[in-house]
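S.K.: What follows is the file coords29.txt, containing compact mmCIF, C-alpha atoms:
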# COMPACT_ATOMS: atom_id res chain seq x y z
CA MET A 1 5.10 -11.72 -32.92
CA SER A 2 3.03 -14.35 -31.18
CA THR A 3 1.66 -14.84 -27.70
CA LEU A 4 1.69 -17.75 -25.27
CA HIS A 5 -1.64 -17.88 -23.45
CA THR A 6 -1.80 -19.89 -20.24
CA VAL A 7 -5.07 -21.06 -18.68
CA ASN A 8 -5.35 -22.65 -15.26
CA LYS A 9 -9.11 -22.97 -14.67
CA SER A 10 -11.46 -25.72 -15.80
CA PRO A 11 -13.95 -24.53 -18.43
CA PHE A 12 -16.61 -26.38 -16.41
CA GLU A 13 -16.02 -24.01 -13.50
CA ARG A 14 -14.92 -20.66 -14.97
CA SER A 15 -15.35 -18.75 -18.20
CA SER A 16 -11.66 -17.87 -18.52
CA PHE A 17 -10.88 -20.81 -20.84
CA ILE A 18 -13.53 -19.74 -23.37
CA SER A 19 -12.56 -16.09 -22.94
CA CYS A 20 -8.96 -17.06 -23.71
CA LEU A 21 -9.95 -18.93 -26.88
CA ASN A 22 -12.00 -15.88 -27.91
CA HIS A 23 -8.91 -13.68 -27.70
CA VAL A 24 -6.23 -15.75 -29.44
CA LYS A 25 -4.65 -14.68 -32.69
CA ALA A 26 -3.74 -17.12 -35.44
CA GLY A 27 -0.28 -18.49 -34.68
CA ASP A 28 -0.59 -18.08 -30.90
CA ALA A 29 -0.06 -20.94 -28.45
CA VAL A 30 -2.41 -21.95 -25.63
CA LEU A 31 -1.03 -23.96 -22.71
CA MET A 32 -3.46 -25.68 -20.36
CA ILE A 33 -2.14 -26.04 -16.82
CA GLU A 34 -3.57 -26.99 -13.41
CA ASP A 35 -7.37 -27.54 -13.60
CA ALA A 36 -7.47 -26.37 -17.23
CA VAL A 37 -6.04 -29.72 -18.30
CA VAL A 38 -9.57 -31.17 -18.07
CA ALA A 39 -10.34 -29.23 -21.27
CA ALA A 40 -7.78 -31.34 -23.13
CA ARG A 41 -9.66 -34.60 -22.65
CA LYS A 42 -11.34 -36.13 -25.68
CA GLY A 43 -15.09 -36.62 -25.47
CA SER A 44 -15.64 -33.69 -23.10
CA ALA A 45 -18.43 -31.19 -23.64
CA PHE A 46 -15.79 -28.64 -24.68
CA ALA A 47 -13.97 -30.94 -27.13
CA GLU A 48 -15.60 -29.44 -30.20
CA ILE A 49 -14.61 -25.89 -29.20
CA VAL A 50 -11.08 -27.04 -28.44
CA GLU A 51 -10.78 -28.85 -31.79
CA LYS A 52 -11.91 -25.71 -33.58
CA ALA A 53 -9.35 -23.59 -31.72
CA ALA A 54 -6.61 -26.06 -32.67
CA LYS A 55 -7.02 -25.08 -36.33
CA ASP A 56 -5.72 -21.54 -35.72
CA CYS A 57 -3.27 -22.00 -32.88
CA THR A 58 -1.16 -24.66 -31.23
CA LEU A 59 -2.55 -26.23 -28.07
CA TYR A 60 -0.38 -27.63 -25.30
CA VAL A 61 -1.10 -29.34 -22.02
CA LEU A 62 1.22 -29.63 -19.03
CA GLY A 63 2.00 -33.33 -18.48
CA PRO A 64 2.49 -33.35 -14.69
CA ASP A 65 -0.88 -31.62 -14.15
CA LEU A 66 -2.53 -34.08 -16.57
CA ALA A 67 -0.97 -37.10 -14.84
CA ALA A 68 -1.99 -35.78 -11.43
CA ARG A 69 -5.59 -35.91 -12.60
CA GLY A 70 -5.32 -39.50 -13.81
CA MET A 71 -4.94 -38.74 -17.50
CA GLY A 72 -2.26 -39.43 -20.07
CA GLU A 73 -1.43 -38.83 -23.71
CA ASP A 74 -4.06 -41.36 -24.89
CA ASP A 75 -6.83 -39.30 -23.31
CA LEU A 76 -6.01 -36.11 -25.23
CA ILE A 77 -7.94 -34.55 -28.08
CA ALA A 78 -5.95 -35.18 -31.29
CA GLY A 79 -3.43 -32.43 -31.98
CA ILE A 80 -2.87 -31.29 -28.40
CA LYS A 81 0.82 -31.47 -27.53
CA LEU A 82 2.14 -32.70 -24.22
CA VAL A 83 4.90 -30.66 -22.54
CA ASP A 84 6.81 -30.99 -19.26
CA TYR A 85 8.03 -28.09 -17.09
CA GLY A 86 11.04 -27.61 -19.34
CA GLY A 87 8.71 -27.40 -22.32
CA PHE A 88 6.68 -24.73 -20.49
CA VAL A 89 9.84 -22.64 -20.09
CA ASP A 90 10.73 -23.15 -23.77
CA LEU A 91 7.26 -21.97 -24.82
CA ALA A 92 7.54 -18.84 -22.67
CA ALA A 93 10.94 -18.10 -24.23
CA GLU A 94 9.80 -18.75 -27.81
CA HIS A 95 6.90 -16.30 -27.68
CA ASP A 96 7.02 -12.51 -27.49
CA ARG A 97 4.75 -12.26 -24.44
CA THR A 98 2.71 -14.37 -22.06
CA ASN A 99 -0.95 -13.72 -21.33
CA ALA A 100 -2.24 -15.51 -18.24
CA TRP A 101 -5.99 -16.18 -18.11
CA LEU A 102 -6.73 -16.51 -14.41
CA MET B 1 10.57 1.60 -2.58
CA ALA B 2 9.62 4.67 -0.63
CA MET B 3 7.10 7.00 -2.18
CA ASP B 4 9.30 10.00 -1.58
CA GLU B 5 12.12 8.57 -3.66
CA MET B 6 12.21 8.54 -7.41
CA PRO B 7 13.00 5.13 -8.87
CA ASP B 8 15.69 4.69 -11.48
CA VAL B 9 13.90 5.04 -14.78
CA PRO B 10 14.84 2.37 -17.32
CA ASP B 11 16.19 3.62 -20.64
CA VAL B 12 13.71 1.76 -22.81
CA THR B 13 10.00 2.41 -22.55
CA LYS B 14 7.97 -0.78 -22.73
CA LYS B 15 4.31 -1.32 -23.38
CA PHE B 16 2.55 -2.71 -20.32
CA LEU B 17 -1.04 -3.93 -20.38
CA TYR B 18 -2.94 -4.65 -17.18
CA VAL B 19 -5.78 -7.08 -17.95
CA ASN B 20 -8.76 -6.85 -15.60
CA ARG B 21 -11.31 -9.63 -15.87
CA LYS B 22 -13.00 -9.80 -12.48
CA ALA B 23 -15.73 -7.79 -10.79
CA PRO B 24 -14.66 -5.72 -7.77
CA TYR B 25 -15.22 -6.70 -4.10
CA GLY B 26 -15.89 -10.46 -4.55
CA THR B 27 -12.16 -11.06 -4.80
CA ILE B 28 -9.10 -8.87 -4.16
CA TYR B 29 -7.95 -8.92 -7.83
CA ALA B 30 -9.45 -5.58 -8.91
CA LEU B 31 -8.02 -3.61 -5.98
CA GLU B 32 -4.64 -5.33 -6.26
CA SER B 33 -4.49 -4.47 -9.95
CA LEU B 34 -5.30 -0.82 -9.27
CA GLU B 35 -2.62 -0.61 -6.59
CA VAL B 36 0.00 -2.18 -8.85
CA VAL B 37 -0.95 0.26 -11.63
CA LEU B 38 -0.52 3.23 -9.27
CA ILE B 39 2.84 2.00 -7.96
CA GLY B 40 4.01 0.96 -11.44
CA ALA B 41 3.14 4.39 -12.84
CA ALA B 42 6.29 5.75 -11.18
CA PHE B 43 8.37 3.80 -13.74
CA GLU B 44 7.07 5.93 -16.61
CA GLN B 45 6.28 3.10 -18.99
CA ASP B 46 3.62 3.05 -21.71
CA VAL B 47 0.73 1.75 -19.61
CA SER B 48 -2.70 0.64 -20.78
CA LEU B 49 -5.52 -1.02 -18.89
CA ALA B 50 -7.90 -3.56 -20.42
CA PHE B 51 -11.31 -4.30 -18.96
CA LEU B 52 -13.10 -7.38 -20.24
CA ASP B 53 -15.42 -10.10 -18.97
CA ASP B 54 -16.62 -9.22 -15.43
CA GLY B 55 -13.75 -6.72 -15.21
CA VAL B 56 -16.00 -4.14 -16.89
CA TYR B 57 -17.90 -3.94 -13.59
CA GLN B 58 -14.86 -2.23 -12.04
CA LEU B 59 -15.75 0.91 -14.01
CA VAL B 60 -19.52 0.87 -13.49
CA ASP B 61 -20.84 4.17 -12.14
CA GLY B 62 -22.71 4.50 -8.85
CA GLN B 63 -20.88 1.88 -6.77
CA ASP B 64 -22.01 2.04 -3.12
CA THR B 65 -20.22 -0.29 -0.71
CA THR B 66 -21.62 1.05 2.56
CA GLY B 67 -23.76 -2.06 3.00
CA ILE B 68 -20.89 -4.54 2.59
CA GLY B 69 -18.40 -2.83 4.87
CA MET B 70 -15.69 -2.51 2.21
CA LYS B 71 -13.95 0.57 0.87
CA ASN B 72 -15.38 1.84 -2.41
CA PHE B 73 -12.23 2.26 -4.49
CA SER B 74 -14.01 3.21 -7.71
CA PRO B 75 -13.23 6.97 -7.32
CA THR B 76 -9.53 6.08 -7.55
CA TYR B 77 -9.89 5.16 -11.25
CA ARG B 78 -10.61 8.84 -11.84
CA ALA B 79 -7.17 9.70 -10.40
CA LEU B 80 -5.36 7.58 -13.01
CA GLY B 81 -5.06 10.57 -15.35
CA ASP B 82 -2.90 12.33 -12.71
CA TYR B 83 -0.61 9.29 -12.90
CA GLU B 84 -0.43 9.57 -16.69
CA VAL B 85 -2.45 6.38 -17.13
CA THR B 86 -4.82 7.53 -19.83
CA LYS B 87 -5.73 4.45 -21.87
CA LEU B 88 -8.56 2.40 -20.37
CA TYR B 89 -9.79 -0.04 -23.01
CA VAL B 90 -13.22 -1.54 -22.35
CA GLU B 91 -14.43 -4.46 -24.48
CA LYS B 92 -17.78 -3.77 -26.12
CA GLU B 93 -18.83 -7.43 -26.29
CA SER B 94 -18.17 -7.88 -22.55
CA LEU B 95 -20.45 -4.91 -21.78
CA GLU B 96 -23.19 -6.23 -24.08
CA GLU B 97 -23.06 -9.77 -22.67
CA ARG B 98 -23.75 -8.26 -19.24
CA GLY B 99 -26.56 -5.97 -20.32
CA LEU B 100 -24.36 -2.89 -19.88
CA THR B 101 -23.73 0.07 -22.17
CA PRO B 102 -20.93 2.67 -22.17
CA ASP B 103 -23.39 5.04 -20.45
CA ASP B 104 -23.32 2.79 -17.38
CA LEU B 105 -19.61 3.53 -16.85
CA MET B 106 -17.99 6.31 -14.82
CA GLN B 107 -16.75 9.47 -16.51
CA ILE B 108 -12.97 9.18 -16.42
CA THR B 109 -10.88 11.90 -18.03
CA TYR B 110 -7.29 13.07 -18.32
CA GLU B 111 -5.68 16.36 -19.26
CA ASP B 112 -3.72 16.14 -22.49
CA GLU B 113 -0.38 17.85 -21.93
CA ASP B 114 0.27 17.96 -25.69
CA ASP B 115 -3.07 19.62 -26.44
CA ASP B 116 -3.11 22.64 -24.09
CA TRP B 117 -4.32 20.46 -21.19
CA ALA B 118 -7.62 19.73 -22.89
CA GLU B 119 -9.77 17.32 -20.91
CA LYS B 120 -10.25 14.04 -22.78
CA PRO B 121 -12.00 10.76 -21.99
CA SER B 122 -9.73 7.95 -20.77
CA ILE B 123 -12.23 5.18 -21.44
CA ARG B 124 -12.10 3.84 -24.97
CA ILE B 125 -14.71 1.29 -26.00
CA VAL B 126 -13.15 -1.29 -28.31
CA SER B 127 -14.45 -4.38 -30.10
CA ARG B 128 -13.17 -7.84 -29.23
CA ALA B 129 -11.18 -7.85 -32.48
CA GLU B 130 -9.53 -4.56 -31.49
CA MET B 131 -8.86 -5.92 -27.99
CA ILE B 132 -7.05 -8.91 -29.53
CA ASP B 133 -4.81 -6.53 -31.49
CA ILE B 134 -4.17 -4.36 -28.40
CA MET B 135 -3.07 -7.46 -26.47
CA ALA B 136 -0.85 -8.60 -29.33
CA ASP B 137 0.86 -5.19 -29.39
CA GLN B 138 2.25 -5.36 -25.83
CA ASP B 139 5.68 -6.11 -24.41
CA VAL B 140 4.30 -7.24 -21.07
CA ILE B 141 0.82 -8.38 -20.05
CA LEU B 142 -0.07 -8.44 -16.35
CA SER B 143 -3.25 -10.35 -15.53
CA PHE B 144 -5.59 -9.77 -12.62
CA MET C 1 -2.25 -0.55 19.75
CA ALA C 2 -0.68 2.81 20.33
CA ALA C 3 -2.81 5.94 20.34
CA TYR C 4 -2.75 9.74 20.43
CA GLU C 5 -4.37 11.29 23.51
CA LEU C 6 -6.08 14.67 23.16
CA ASN C 7 -8.58 16.36 25.50
CA GLY C 8 -9.50 13.01 27.02
CA THR C 9 -10.13 11.31 23.68
CA THR C 10 -8.08 8.38 22.39
CA TYR C 11 -7.12 8.23 18.69
CA GLU C 12 -5.65 4.88 17.69
CA HIS C 13 -2.78 4.82 15.22
CA ASP C 14 -0.58 2.17 13.59
CA GLU C 15 3.03 1.49 14.53
CA GLU C 16 4.18 4.38 12.32
CA GLY C 17 1.70 6.91 13.63
CA TYR C 18 -0.91 6.83 10.85
CA LEU C 19 -4.43 7.31 12.16
CA THR C 20 -6.48 4.09 12.17
CA ASP C 21 -9.86 5.76 11.66
CA ILE C 22 -9.71 8.66 9.22
CA SER C 23 -13.12 9.93 10.33
CA GLN C 24 -11.68 10.75 13.79
CA TRP C 25 -9.39 13.43 12.35
CA ASN C 26 -9.69 17.06 13.43
CA PRO C 27 -7.39 20.11 13.11
CA GLU C 28 -6.37 19.99 16.76
CA LEU C 29 -5.27 16.38 16.36
CA ALA C 30 -3.31 17.40 13.26
CA GLU C 31 -1.36 19.90 15.38
CA LEU C 32 -0.55 17.12 17.84
CA ILE C 33 0.62 14.69 15.14
CA ALA C 34 2.70 17.49 13.61
CA LYS C 35 4.38 18.09 16.97
CA ASP C 36 5.33 14.40 17.09
CA GLU C 37 6.89 14.93 13.65
CA LYS C 38 8.71 18.04 14.99
CA ILE C 39 6.79 20.28 12.62
CA GLU C 40 5.34 23.65 13.61
CA MET C 41 2.18 24.06 11.54
CA THR C 42 2.10 27.31 9.51
CA PRO C 43 -0.56 28.42 6.99
CA GLU C 44 1.72 26.96 4.28
CA HIS C 45 1.69 23.57 6.02
CA TRP C 46 -2.07 23.74 6.32
CA GLU C 47 -2.39 24.50 2.64
CA VAL C 48 -0.70 21.19 1.81
CA VAL C 49 -2.54 19.20 4.48
CA ASN C 50 -5.92 20.56 3.39
CA PHE C 51 -5.05 19.91 -0.23
CA LEU C 52 -4.21 16.28 0.58
CA ARG C 53 -7.49 15.85 2.45
CA GLU C 54 -9.44 17.23 -0.50
CA TYR C 55 -7.58 14.94 -2.90
CA TYR C 56 -8.32 11.95 -0.69
CA GLU C 57 -11.97 12.92 -0.36
CA GLU C 58 -12.32 12.98 -4.15
CA TYR C 59 -10.17 10.00 -5.19
CA GLN C 60 -9.87 7.84 -2.05
CA ILE C 61 -6.08 7.76 -2.27
CA ALA C 62 -3.18 9.86 -1.09
CA PRO C 63 -1.36 11.11 -4.20
CA ALA C 64 2.20 10.06 -5.00
CA ILE C 65 4.70 12.87 -4.46
CA ARG C 66 5.09 13.72 -8.17
CA VAL C 67 1.30 13.82 -8.53
CA LEU C 68 1.11 16.11 -5.50
CA VAL C 69 3.77 18.41 -6.95
CA LYS C 70 1.95 18.63 -10.27
CA ALA C 71 -1.42 19.27 -8.65
CA MET C 72 0.03 21.88 -6.27
CA LYS C 73 1.62 23.64 -9.22
CA LYS C 74 -1.71 23.78 -10.97
CA LYS C 75 -3.58 25.09 -7.94
CA PHE C 76 -1.04 27.35 -6.18
CA GLY C 77 1.50 28.17 -8.88
CA LYS C 78 5.04 27.21 -9.84
CA GLU C 79 6.77 28.21 -6.61
CA LYS C 80 4.64 25.97 -4.42
CA GLY C 81 4.46 23.19 -6.97
CA SER C 82 7.99 21.94 -6.46
CA ASN C 83 9.77 19.16 -4.62
CA LYS C 84 12.02 21.70 -2.93
CA TYR C 85 9.15 23.70 -1.49
CA LEU C 86 7.35 20.60 -0.19
CA TYR C 87 10.51 19.13 1.33
CA GLU C 88 11.25 22.41 3.08
CA LEU C 89 7.84 22.20 4.74
CA PHE C 90 8.02 18.44 5.40
CA PRO C 91 11.72 17.47 5.60
CA TYR C 92 11.11 13.75 6.08
CA GLY C 93 9.00 13.49 2.95
CA PRO C 94 5.81 15.35 2.10
CA ALA C 95 3.98 12.16 1.21
CA LYS C 96 4.77 10.49 4.51
CA GLN C 97 4.65 13.40 6.94
CA ALA C 98 1.88 15.50 5.43
CA CYS C 99 -0.36 12.45 4.92
CA LYS C 100 0.15 11.42 8.52
CA ILE C 101 -0.76 14.90 9.76
CA ALA C 102 -3.76 14.94 7.40
CA GLY C 103 -5.02 11.71 8.97
CA LEU C 104 -4.75 9.79 5.71
CA PRO C 105 -3.60 6.19 5.41
CA LYS C 106 -0.02 5.56 4.40
CA PRO C 107 0.31 6.31 0.68
CA THR C 108 0.13 3.34 -1.68
CA GLY C 109 3.59 2.04 -2.51
CA CYS C 110 5.19 3.53 0.56
CA VAL C 111 7.21 0.96 2.46
Hey, can you dump this file as structure tokens for me?
M.R.:
Amino acid sequence: MSTLHTVNKSPFERSSFISCLNHVKAGDAVLMIEDAVVAARKGSAFAEIVEKAAKDCTLYVLGPDLAARGMGEDDLIAGIKLVDYGGFVDLAAEHDRTNAWL
Amino acid sequence: MAMDEMPDVPDVTKKFLYVNRKAPYGTIYALESLEVVLIGAAFEQDVSLAFLDDGVYQLVDGQDTTGIGMKNFSPTYRALGDYEVTKLYVEKESLEERGLTPDDLMQITYEDEDDDWAEKPSIRIVSRAEMIDIMADQDVILSF
Amino acid sequence: MAAYELNGTTYEHDEEGYLTDISQWNPELAELIAKDEKIEMTPEHWEVVNFLREYYEEYQIAPAIRVLVKAMKKKFGKEKGSNKYLYELFPYGPAKQACKIAGLPKPTGCV
């Protein structure tokens, strides 16, 4: 019984990313999409918080949104998984519910 | 769907949670959420509302919108009991972070059909840990 | 925008006849709107219209029909708290017709 959380806002602009991480359960998945992909970049001010969250749940980032912002797999914090749109659909299907953090 | 028609009620009752995380008036989210809750209530599902982050401001008592030229929709939360929406979970940590206490919130009650129509509070203050469990217990989460 | 005309005053309404400015409402106007709806206002009609206005005053919404039925039952008893009774008074739908006569906005969820 696990949840897929999606976040679409940059943690530099909104608190929803941190609020999401504060409400995940062990075994949940968090998918960063749209502006939230900036939280996946290594060396960012939020990297430590993201690394800590990765211990309890699986973190994903949407590739097309990452590429659109000039980033690629090499820029990601270790452990964050890259998915495409098909992977997004698979994640939604694999989990019992989706919780969107707007 | 017209209001005067009854919708077809699905056979299986599902647990729906409406998550409210934004203050009213600055954006349309809070009002939209309330309207969807009222319309959705016709489907007789197991509905709960969660208020966290700035969403707790939706339930703050004493809202006065005369100066901003917008409709004050806060009294409508008190009608939710009539729509059998009786579980309004408010996150304690979100209140505290904003310098609010449960006393700053409106009195919202419902009449318990199974308890001789006794009037009971709809607002339930829950910890963040309890909120996580409430979210994990749902079939559908709708975010606003 | 279309409007009701009464005693030299103009009352704007939307394309379906719902009053634009709720604060303009008065009982005489209600009689006029009712006439447009082919309803002759009786004390029983007024009971429902006044009840809707009180509900709106308190909660800032027009109640859904099942909420209205339940609340009417509580206030006026079983006979008046029924779909049948309300539809006899307002054949084209109590929510739509009675709200319009009461000067309230179109009920939420009504298309």
S.K.: Measuring atom to atom with only C-alpha atoms, identify which of C:Pro27, C:Phe51, C:Gln60, C:Ile33 is nearest to Lys71 of chain B.
M.R.: C:Gln60
S.K.: Tell me, as a ChimeraX atom specification, which residues lie within 9 Å of Met32 of chain A, counting all atoms listed in the file; anything in the same chain fewer than 4 positions away does not count.
M.R.: /A:5-9,17,36-40,59-62,65
S.K.: For the selection you just gave me, I'd like the residues written to a file as a JSON list (two decimals), in the frame of the given file, keeping C-alpha atoms.
M.R.:
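Okay, this is what ended up in part.json:
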[["chain", "number", "residue", "atom", "x", "y", "z"],
["A", 5, "HIS", "CA", -1.64, -17.88, -23.45],
["A", 6, "THR", "CA", -1.80, -19.89, -20.24],
["A", 7, "VAL", "CA", -5.07, -21.06, -18.68],
["A", 8, "ASN", "CA", -5.35, -22.65, -15.26],
["A", 9, "LYS", "CA", -9.11, -22.97, -14.67],
["A", 17, "PHE", "CA", -10.88, -20.81, -20.84],
["A", 36, "ALA", "CA", -7.47, -26.37, -17.23],
["A", 37, "VAL", "CA", -6.04, -29.72, -18.30],
["A", 38, "VAL", "CA", -9.57, -31.17, -18.07],
["A", 39, "ALA", "CA", -10.34, -29.23, -21.27],
["A", 40, "ALA", "CA", -7.78, -31.34, -23.13],
["A", 59, "LEU", "CA", -2.55, -26.23, -28.07],
["A", 60, "TYR", "CA", -0.38, -27.63, -25.30],
["A", 61, "VAL", "CA", -1.10, -29.34, -22.02],
["A", 62, "LEU", "CA", 1.22, -29.63, -19.03],
["A", 65, "ASP", "CA", -0.88, -31.62, -14.15]]
S.K.: Grab the atom CA of Leu29 of chain C to atom CA of Ala62 of chain C distance for me, in Å with one decimal place.
M.R.: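 Between these atoms lies a distance of 18.7 Å.
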S.K.: Neighbouring residues of Thr86 of chain B were defined as those with any atom within 6 Å, considering all atoms listed in the file; residues of the same chain fewer than 2 positions away were excluded. Please report them as an MDAnalysis selection string.
M.R.: chainID B and resid 81 84 122
S.K.: Quick one: which chain B residues come within 12 Å of chain C, and what is the nearest atom pair for each with the distance in Å to one decimal, counting only C-alpha atoms, rows ordered by chain and ascending number, as CSV?
M.R.:
residue,atom,partner,partner_atom,distance
B:Met1,CA,C:Val111,CA,6.1
B:Ala2,CA,C:Cys110,CA,4.7
B:Met3,CA,C:Cys110,CA,4.8
B:Asp4,CA,C:Gly93,CA,5.7
B:Glu5,CA,C:Ile65,CA,8.6
B:Met6,CA,C:Arg66,CA,8.8
B:Pro7,CA,C:Arg66,CA,11.7
B:Leu31,CA,C:Thr108,CA,11.5
B:Glu32,CA,C:Thr108,CA,10.9
B:Leu34,CA,C:Thr108,CA,10.2
B:Glu35,CA,C:Thr108,CA,6.9
B:Val36,CA,C:Gly109,CA,8.4
B:Val37,CA,C:Gly109,CA,10.3
B:Leu38,CA,C:Thr108,CA,7.6
B:Ile39,CA,C:Gly109,CA,5.5
B:Gly40,CA,C:Gly109,CA,9.0
B:Ala41,CA,C:Ala64,CA,9.7
B:Ala42,CA,C:Ala64,CA,8.6
B:Phe43,CA,C:Arg66,CA,11.8
B:Glu44,CA,C:Arg66,CA,11.7
B:Lys71,CA,C:Gln60,CA,8.8
B:Asn72,CA,C:Gln60,CA,8.2
B:Phe73,CA,C:Gln60,CA,6.5
B:Ser74,CA,C:Tyr59,CA,8.2
B:Pro75,CA,C:Tyr59,CA,4.8
B:Thr76,CA,C:Tyr59,CA,4.6
B:Tyr77,CA,C:Tyr59,CA,7.8
B:Arg78,CA,C:Tyr59,CA,6.8
B:Ala79,CA,C:Tyr59,CA,6.0
B:Leu80,CA,C:Tyr59,CA,9.5
B:Gly81,CA,C:Val67,CA,9.9
B:Asp82,CA,C:Val67,CA,6.1
B:Tyr83,CA,C:Val67,CA,6.6
B:Glu84,CA,C:Val67,CA,9.4
B:Val85,CA,C:Val67,CA,12.0
B:Ile108,CA,C:Tyr59,CA,11.6
B:Glu111,CA,C:Ala71,CA,11.8
B:Glu113,CA,C:Lys70,CA,11.9
B:Trp117,CA,C:Lys74,CA,11.1
S.K.: Kindly indicate which residue among B:Ile28, B:Ile125, B:Ala50, B:Leu105 lies nearest to Phe16 of chain B, using all atoms listed in the file for the distances.
M.R.: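 Closest residue, counting all atoms listed in the file: B:Ala50.
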S.K.: For chain B, which of A:Leu91, A:Ile18, A:Ile33, A:Val24 is the closest residue, counting all atoms listed in the file?
M.R.: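 Of A:Leu91, A:Ile18, A:Ile33, A:Val24, the one nearest chain B, counting all atoms listed in the file, is A:Val24.
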S.K.: Atom CA of Gly99 of chain B and atom CA of Asn99 of chain A, how far apart in Å?
M.R.: 26.8 Å
S.K.: Can you measure atom CA of Asp139 of chain B to atom CA of Lys15 of chain B for me? One decimal in Å is fine.
M.R.: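 Interatomic distance here is 5.1 Å.
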S.K.: Based on only C-alpha atoms, which of the residues in chain B come within 6 Å of chain A? I want them as a PDB file with C-alpha atoms, in the frame of the given file.
M.R.:
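The resulting file, out-v5.pdb, is reproduced below:
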ATOM      1  CA  ILE B 132      -7.050  -8.910 -29.530  1.00  0.00           C
ATOM      2  CA  ILE B 141       0.820  -8.380 -20.050  1.00  0.00           C
ATOM      3  CA  SER B 143      -3.250 -10.350 -15.530  1.00  0.00           C
TER       4      SER B 143
END
S.K.: Extract, using all atoms listed in the file, all DNA, RNA and protein residues at most 12 Å from Ser44 of chain A, discarding same-chain residues fewer than 4 positions from it, and format them as an NGL selection string.
M.R.: :A and (10-12 or 37-40 or 48-51 or 75-77)
S.K.: At a cut-off of 9 Å from (2.3, -33.0, -19.6) in the coordinates of the file, what residues are picked up using all atoms listed in the file, written as a list in words?
M.R.: Ile33, Tyr60, Val61, Leu62, Gly63, Pro64, Asp65, Leu66, Ala67, Gly72, Glu73, Lys81, Leu82, Val83, Asp84, Tyr85 and Gly87 of chain A
